[in-house]
>>> print(open('final-v4.tsv').read())   # TSV, C-alpha atoms and all ligand atoms
chain	number	residue	atom	x	y	z
A	1	MET	CA	-23.02	1.77	-103.66
A	2	SER	CA	-22.46	5.52	-103.70
A	3	GLN	CA	-19.31	7.48	-103.09
A	4	MET	CA	-19.08	10.96	-101.58
A	5	PHE	CA	-16.52	13.24	-103.15
A	6	GLU	CA	-15.43	16.67	-101.89
A	7	VAL	CA	-15.65	19.14	-104.77
A	8	CYS	CA	-14.57	22.45	-103.22
A	9	GLY	CA	-15.60	25.12	-100.77
A	10	VAL	CA	-19.03	26.71	-101.18
A	11	GLU	CA	-17.48	30.05	-102.11
A	12	ASP	CA	-15.33	28.48	-104.82
A	13	ILE	CA	-18.35	28.27	-107.13
A	14	PRO	CA	-19.92	31.69	-107.66
A	15	VAL	CA	-23.68	32.12	-107.94
A	16	LEU	CA	-24.61	31.28	-111.58
A	17	GLY	CA	-21.22	29.56	-111.96
A	18	SER	CA	-20.09	25.96	-112.31
A	19	LYS	CA	-17.16	23.65	-111.72
A	20	VAL	CA	-16.27	20.48	-113.60
A	21	VAL	CA	-15.33	17.31	-111.76
A	22	SER	CA	-13.64	14.43	-113.59
A	23	ALA	CA	-15.09	11.12	-112.47
A	24	ASN	CA	-15.05	7.56	-113.75
A	25	GLU	CA	-18.50	8.32	-115.17
A	26	GLY	CA	-17.03	11.18	-117.21
A	27	ASN	CA	-17.12	14.89	-116.49
A	28	ILE	CA	-19.77	16.11	-114.08
A	29	ALA	CA	-20.72	19.78	-113.85
A	30	VAL	CA	-21.59	21.19	-110.44
A	31	PHE	CA	-23.73	24.32	-110.77
A	32	ARG	CA	-24.73	27.03	-108.32
A	33	ALA	CA	-28.19	28.39	-109.10
A	34	SER	CA	-29.38	31.97	-108.67
A	35	ASP	CA	-30.63	31.23	-105.15
A	36	GLY	CA	-27.30	29.66	-104.16
A	37	GLU	CA	-28.52	26.05	-104.32
A	38	PHE	CA	-26.13	23.48	-105.85
A	39	PHE	CA	-26.94	20.93	-108.54
A	40	ALA	CA	-24.90	18.45	-110.53
A	41	LEU	CA	-25.46	17.13	-114.04
A	42	LYS	CA	-23.36	15.06	-116.40
A	43	ASP	CA	-21.41	17.65	-118.39
A	44	GLU	CA	-23.01	16.56	-121.66
A	45	CYS	CA	-26.01	18.15	-123.25
A	46	PRO	CA	-28.66	15.57	-124.22
A	47	HIS	CA	-28.70	17.12	-127.70
A	48	LYS	CA	-25.15	16.67	-129.05
A	49	GLN	CA	-23.02	16.39	-125.91
A	50	GLY	CA	-22.28	20.12	-125.59
A	51	PRO	CA	-20.43	21.07	-122.37
A	52	LEU	CA	-23.23	22.27	-120.09
A	53	SER	CA	-20.61	23.60	-117.65
A	54	GLN	CA	-19.84	26.31	-120.22
A	55	GLY	CA	-23.47	27.29	-120.60
A	56	ILE	CA	-25.28	30.22	-119.04
A	57	VAL	CA	-26.99	29.51	-115.71
A	58	HIS	CA	-30.25	31.36	-115.09
A	59	ASN	CA	-32.55	30.62	-112.16
A	60	LYS	CA	-32.40	26.79	-111.90
A	61	LYS	CA	-31.64	26.18	-115.56
A	62	VAL	CA	-28.63	26.16	-117.86
A	63	THR	CA	-28.61	27.13	-121.53
A	64	CYS	CA	-26.27	24.92	-123.56
A	65	PRO	CA	-23.50	26.93	-125.28
A	66	LEU	CA	-23.81	25.02	-128.55
A	67	HIS	CA	-27.43	25.28	-129.73
A	68	ASN	CA	-29.20	26.96	-126.81
A	69	TRP	CA	-31.22	24.06	-125.46
A	70	VAL	CA	-32.36	24.89	-121.94
A	71	ILE	CA	-31.80	22.15	-119.36
A	72	SER	CA	-33.37	22.11	-115.90
A	73	LEU	CA	-30.78	21.82	-113.14
A	74	GLU	CA	-33.43	20.25	-110.91
A	75	THR	CA	-34.53	17.46	-113.24
A	76	GLY	CA	-31.89	17.31	-115.99
A	77	MET	CA	-34.73	17.51	-118.51
A	78	ALA	CA	-34.55	19.60	-121.67
A	79	GLN	CA	-37.28	22.21	-121.75
A	80	GLU	CA	-39.97	21.99	-124.41
A	81	PRO	CA	-40.05	21.79	-127.37
A	82	ASP	CA	-36.72	19.94	-127.02
A	83	GLU	CA	-36.59	16.45	-125.56
A	84	GLY	CA	-33.85	14.67	-123.65
A	85	CYS	CA	-32.35	14.35	-120.22
A	86	ALA	CA	-28.90	14.79	-118.67
A	87	ALA	CA	-28.01	12.47	-115.77
A	88	ARG	CA	-28.34	14.13	-112.36
A	89	TYR	CA	-26.16	13.57	-109.32
A	90	PRO	CA	-26.95	14.43	-105.71
A	91	VAL	CA	-25.03	17.29	-104.11
A	92	GLU	CA	-24.66	17.94	-100.38
A	93	VAL	CA	-23.33	20.99	-98.59
A	94	LYS	CA	-21.71	20.46	-95.20
A	95	ASP	CA	-19.40	22.71	-93.21
A	96	LYS	CA	-19.25	25.20	-96.12
A	97	LYS	CA	-17.99	22.48	-98.47
A	98	VAL	CA	-19.69	21.03	-101.52
A	99	PHE	CA	-19.84	17.24	-101.87
A	100	LEU	CA	-20.88	15.23	-104.90
A	101	ILE	CA	-22.45	11.83	-104.47
A	102	LEU	CA	-21.37	9.66	-107.34
A	103	LYS	CA	-24.52	7.73	-107.94
A	104	ALA	CA	-26.74	8.94	-110.76
A	105	MET	CA	-30.32	9.72	-109.78
A	106	ASP	CA	-33.26	8.26	-111.73
A	201	LIG	S1	-25.38	20.23	-127.87
A	201	LIG	FE1	-26.54	21.34	-126.41
A	201	LIG	S2	-28.04	22.33	-127.56
A	201	LIG	FE2	-26.96	21.17	-129.02
>>> encode(input="final-v4.tsv", output="C-alpha cells")
Amino acid sequence: MSQMFEVCGVEDIPVLGSKVVSANEGNIAVFRASDGEFFALKDECPHKQGPLSQGIVHNKKVTCPLHNWVISLETGMAQEPDEGCAARYPVEVKDKKVFLILKAMD
C-alpha cells in the first residue's frame, strides 16, 4: 500500500535545489532538476551513505558531496565507473504542490 504525502509548494524547492522529508523509511530527498521536474531518492548515497540532498544538482543528476559519485535522479543509479543504486520514490505535482508517494520504486 502506498501513502501520499504533501511535501511543500512547487516554488518552495528552487530549480537545482532539494528538500529533505523525514519518513519511516528514513530521510528522503526531493530534488528539482534543471528543467523543473521533481524526483525523489533516499537521502543516502549508495557509496557510503553521503547526504545526496546536500549534493550539487545538474541536469537530472546529483553529485554526492562526499566523494563526488554522480547519481541519476531518474533511475537512482550511480554513473559509471561507479556502481550502486539509491532507492527512488514517485513524486506527483498537483495544484502547484509537490507530493511524495511513499512506496519505493523497483
Ligand atoms: S558517500 Fe557519496 S560518493 Fe562517497
>>> residues_near_ligand(input="final-v4.tsv", ligand="ligand LIG 201 (chain A)", cutoff="10 Å", atoms="all atoms listed in the file", output="list in words")
Glu44, Cys45, Pro46, His47, Lys48, Gln49, Gly50, Pro51, Leu52, Gly55, Thr63, Cys64, Pro65, Leu66, His67, Asn68, Trp69, Val70, Ile71, Ala78 and Asp82 of chain A
>>> residues_around(input="final-v4.tsv", residues="Lys42 of chain A", least_positions_apart="2", cutoff="7 Å", atoms="only C-alpha atoms", output="PyMOL selection string")
chain A and resi 27-29+40+44+86-88
>>> closest_residue(input="final-v4.tsv", among="A:Val30, A:Glu80, A:Asp12, A:Leu73", to="Leu100 of chain A", atoms="all atoms listed in the file")
A:Val30
>>> atom_distance(input="final-v4.tsv", atom1="atom CA of His58 of chain A", atom2="atom CA of Pro14 of chain A")
12.7 Å
>>> residues_around(input="final-v4.tsv", residues="Glu6 of chain A", least_positions_apart="3", cutoff="10 Å", atoms="all atoms listed in the file", output="ChimeraX atom specification")
/A:9,21,91-94,97-101
>>> atom_distance(input="final-v4.tsv", atom1="atom CA of Gln54 of chain A", atom2="atom CA of Cys85 of chain A")
17.3 Å
>>> atom_distance(input="final-v4.tsv", atom1="atom CA of Ser72 of chain A", atom2="atom CA of Lys60 of chain A")
6.2 Å
>>> residues_around(input="final-v4.tsv", residues="Ala33 of chain A", least_positions_apart="2", cutoff="6 Å", atoms="only C-alpha atoms", output="PyMOL selection string")
chain A and resi 15-16+35-37+59-60
>>> closest_residue(input="final-v4.tsv", among="A:Gly17, A:Ala23, A:Phe5, A:Ile56", to="Phe38 of chain A", atoms="only C-alpha atoms")
A:Gly17
>>> axis_aligned_box(input="final-v4.tsv", around="segment 36-49 of chain A", padding_each_side="5 Å", output="lines of an AutoDock Vina configuration file")
center_x = -25.1
center_y = 22.4
center_z = -116.6
size_x = 17.3
size_y = 24.6
size_z = 34.9
